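Below is the file coords39.cif, which contains mmCIF, C-alpha atoms, pLDDT in the B column; chains and numbers go by the auth columns.
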```cif
data_protein
loop_
_atom_site.group_PDB
_atom_site.id
_atom_site.type_symbol
_atom_site.label_atom_id
_atom_site.label_comp_id
_atom_site.label_asym_id
_atom_site.label_seq_id
_atom_site.Cartn_x
_atom_site.Cartn_y
_atom_site.Cartn_z
_atom_site.B_iso_or_equiv
_atom_site.auth_seq_id
_atom_site.auth_asym_id
ATOM 1 C CA MET A 1 -11.211 -10.203 14.436 77.00 1 A
ATOM 2 C CA GLY A 2 -11.702 -10.811 10.717 82.00 2 A
ATOM 3 C CA ASP A 3 -12.814 -7.197 10.307 91.00 3 A
ATOM 4 C CA GLN A 4 -9.546 -6.015 11.833 95.00 4 A
ATOM 5 C CA VAL A 5 -7.583 -8.180 9.415 95.00 5 A
ATOM 6 C CA GLU A 6 -9.552 -6.778 6.476 95.00 6 A
ATOM 7 C CA ASP A 7 -9.004 -3.211 7.666 96.00 7 A
ATOM 8 C CA GLN A 8 -5.263 -3.749 8.027 96.00 8 A
ATOM 9 C CA VAL A 9 -4.898 -5.354 4.591 95.00 9 A
ATOM 10 C CA LYS A 10 -6.889 -2.512 3.022 95.00 10 A
ATOM 11 C CA ARG A 11 -4.744 0.116 4.786 95.00 11 A
ATOM 12 C CA ILE A 12 -1.485 -1.554 3.732 95.00 12 A
ATOM 13 C CA ILE A 13 -2.619 -1.792 0.101 94.00 13 A
ATOM 14 C CA GLN A 14 -3.713 1.856 0.099 93.00 14 A
ATOM 15 C CA ASP A 15 -0.574 3.101 1.861 93.00 15 A
ATOM 16 C CA THR A 16 1.766 1.299 -0.552 92.00 16 A
ATOM 17 C CA ARG A 17 -0.544 1.711 -3.546 90.00 17 A
ATOM 18 C CA GLY A 18 0.334 -1.915 -4.220 87.00 18 A
ATOM 19 C CA ARG A 19 3.917 -1.107 -5.164 89.00 19 A
ATOM 20 C CA GLY A 20 6.389 -3.762 -4.096 89.00 20 A
ATOM 21 C CA LEU A 21 3.717 -5.418 -2.014 90.00 21 A
ATOM 22 C CA ILE A 22 3.197 -9.118 -1.481 92.00 22 A
ATOM 23 C CA VAL A 23 0.445 -9.925 0.974 92.00 23 A
ATOM 24 C CA SER A 24 1.189 -13.244 2.589 91.00 24 A
ATOM 25 C CA SER A 25 0.931 -15.114 5.842 88.00 25 A
ATOM 26 C CA GLY A 26 4.698 -15.534 5.842 86.00 26 A
ATOM 27 C CA CYS A 27 6.543 -18.811 5.984 85.00 27 A
ATOM 28 C CA ALA A 28 4.132 -20.552 8.319 87.00 28 A
ATOM 29 C CA LEU A 29 0.956 -20.043 10.291 89.00 29 A
ATOM 30 C CA GLY A 30 0.893 -20.529 14.028 91.00 30 A
ATOM 31 C CA ALA A 31 -1.178 -23.393 15.362 91.00 31 A
ATOM 32 C CA ASN A 32 -3.507 -20.882 17.021 93.00 32 A
ATOM 33 C CA THR A 33 -4.157 -18.892 13.826 92.00 33 A
ATOM 34 C CA LYS A 34 -7.877 -18.632 13.284 93.00 34 A
ATOM 35 C CA PRO A 35 -8.971 -19.847 9.845 94.00 35 A
ATOM 36 C CA GLU A 36 -11.410 -16.931 9.563 95.00 36 A
ATOM 37 C CA ASN A 37 -8.473 -14.499 9.801 94.00 37 A
ATOM 38 C CA VAL A 38 -6.682 -16.197 6.926 94.00 38 A
ATOM 39 C CA ARG A 39 -9.905 -16.099 4.916 95.00 39 A
ATOM 40 C CA ALA A 40 -10.338 -12.413 5.771 96.00 40 A
ATOM 41 C CA MET A 41 -6.812 -11.690 4.512 95.00 41 A
ATOM 42 C CA VAL A 42 -7.400 -13.516 1.230 95.00 42 A
ATOM 43 C CA GLU A 43 -10.805 -11.918 0.671 96.00 43 A
ATOM 44 C CA ALA A 44 -9.450 -8.431 1.418 96.00 44 A
ATOM 45 C CA VAL A 45 -6.676 -8.908 -1.152 95.00 45 A
ATOM 46 C CA LYS A 46 -9.247 -10.060 -3.701 94.00 46 A
ATOM 47 C CA GLN A 47 -11.369 -6.996 -2.982 94.00 47 A
ATOM 48 C CA TYR A 48 -8.779 -4.231 -2.573 94.00 48 A
ATOM 49 C CA GLY A 49 -5.846 -5.611 -4.557 92.00 49 A
ATOM 50 C CA THR A 50 -7.448 -5.937 -7.979 92.00 50 A
ATOM 51 C CA ARG A 51 -5.649 -4.500 -10.945 90.00 51 A
ATOM 52 C CA GLU A 52 -8.322 -1.852 -11.379 90.00 52 A
ATOM 53 C CA ARG A 53 -8.107 -0.767 -7.737 89.00 53 A
ATOM 54 C CA LEU A 54 -4.315 -0.604 -7.817 89.00 54 A
ATOM 55 C CA GLU A 55 -4.368 1.451 -11.010 88.00 55 A
ATOM 56 C CA GLU A 56 -6.751 3.907 -9.323 87.00 56 A
ATOM 57 C CA LEU A 57 -4.439 4.202 -6.321 85.00 57 A
ATOM 58 C CA GLN A 58 -1.414 4.793 -8.533 83.00 58 A
ATOM 59 C CA GLU A 59 -3.181 7.623 -10.382 81.00 59 A
ATOM 60 C CA TRP A 60 -2.775 9.708 -7.205 65.00 60 A
ATOM 61 C CA ASP A 61 0.900 10.302 -8.027 60.00 61 A
#
```
The structure in this file should be written as C-alpha coordinates.
Amino acid sequence: MGDQVEDQVKRIIQDTRGRGLIVSSGCALGANTKPENVRAMVEAVKQYGTRERLEELQEWD
(Lines of atoms letter the chains of each structure in order from A and count residues from 1; the text may use other names and numbers.)
(Lines give C-alpha, C1' and ligand atoms only; values in the text may rest on other atoms or scores of the structure.)
Protein backbone atom coordinates (compact mmCIF):
# COMPACT_ATOMS: atom_id res chain seq x y z
CA MET A 1 0.00 0.00 0.00
CA GLY A 2 2.91 2.35 0.68
CA ASP A 3 3.91 2.12 -2.98
CA GLN A 4 0.45 3.30 -4.00
CA VAL A 5 0.71 6.26 -1.65
CA GLU A 6 4.12 7.17 -3.08
CA ASP A 7 2.82 6.89 -6.64
CA GLN A 8 -0.16 9.13 -5.89
CA VAL A 9 1.96 11.79 -4.17
CA LYS A 10 4.41 11.77 -7.08
CA ARG A 11 1.57 12.10 -9.62
CA ILE A 12 -0.05 14.98 -7.72
CA ILE A 13 3.25 16.85 -7.45
CA GLN A 14 3.96 16.34 -11.16
CA ASP A 15 0.44 17.26 -12.26
CA THR A 16 0.41 20.50 -10.25
CA ARG A 17 4.13 21.15 -10.71
CA GLY A 18 4.03 22.01 -7.02
CA ARG A 19 2.03 25.18 -7.58
CA GLY A 20 -0.44 25.91 -4.81
CA LEU A 21 0.14 22.47 -3.39
CA ILE A 22 0.25 21.49 0.26
CA VAL A 23 0.62 17.78 0.82
CA SER A 24 -0.94 16.89 4.13
CA SER A 25 -2.92 14.22 5.89
CA GLY A 26 -5.67 16.75 6.54
CA CYS A 27 -7.03 17.69 9.92
CA ALA A 28 -6.81 14.23 11.44
CA LEU A 29 -5.84 10.67 10.68
CA GLY A 30 -8.33 7.86 11.05
CA ALA A 31 -7.65 5.30 13.75
CA ASN A 32 -7.13 2.66 11.05
CA THR A 33 -4.53 4.69 9.12
CA LYS A 34 -1.45 2.58 8.65
CA PRO A 35 1.73 4.28 9.89
CA GLU A 36 3.63 3.01 6.84
CA ASN A 37 1.26 4.98 4.59
CA VAL A 38 1.94 8.19 6.47
CA ARG A 39 5.67 7.49 6.24
CA ALA A 40 5.31 6.80 2.51
CA MET A 41 3.57 10.16 2.04
CA VAL A 42 6.28 12.05 3.92
CA GLU A 43 9.11 10.25 2.14
CA ALA A 44 7.53 10.84 -1.28
CA VAL A 45 7.25 14.57 -0.56
CA LYS A 46 10.90 14.62 0.50
CA GLN A 47 11.89 12.85 -2.70
CA TYR A 48 9.64 14.48 -5.32
CA GLY A 49 8.88 17.83 -3.70
CA THR A 50 12.39 19.23 -3.38
CA ARG A 51 13.06 22.71 -4.61
CA GLU A 52 15.24 21.38 -7.41
CA ARG A 53 12.58 18.93 -8.58
CA LEU A 54 9.85 21.57 -8.51
CA GLU A 55 12.01 24.00 -10.47
CA GLU A 56 12.55 21.31 -13.12
CA LEU A 57 8.81 20.69 -13.36
CA GLN A 58 8.08 24.40 -13.70
CA GLU A 59 10.56 24.74 -16.57
CA TRP A 60 8.05 22.82 -18.72
CA ASP A 61 5.90 25.95 -19.07
> Once the PyMOL selection byres ((chain A and resi 38) around 12) has been applied to the shown file, what residues remain in the selection, as an MDAnalysis selection string?
Replying inline: chainID A and resid 1:6 9 23:26 28:30 32:37 39:45
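Taking atom CA of Gly20 of chain A as the reference point, atom CA of Gln47 of chain A is found at 18.1 Å.
Atom to atom, atom CA of Thr50 of chain A and atom CA of Cys27 of chain A stand 23.6 Å apart.
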>> Please report the interatomic distance between atom CA of Arg11 of chain A and atom CA of Glu59 of chain A in Å with one decimal.
In response: 17.0 Å
>> Can you tell me which residues surround Arg53 of chain A at a distance of at most 10 Å, considering all atoms listed in the file, apart from same-chain residues fewer than 4 positions away, and format the answer as a count of residues only?
In response: 9
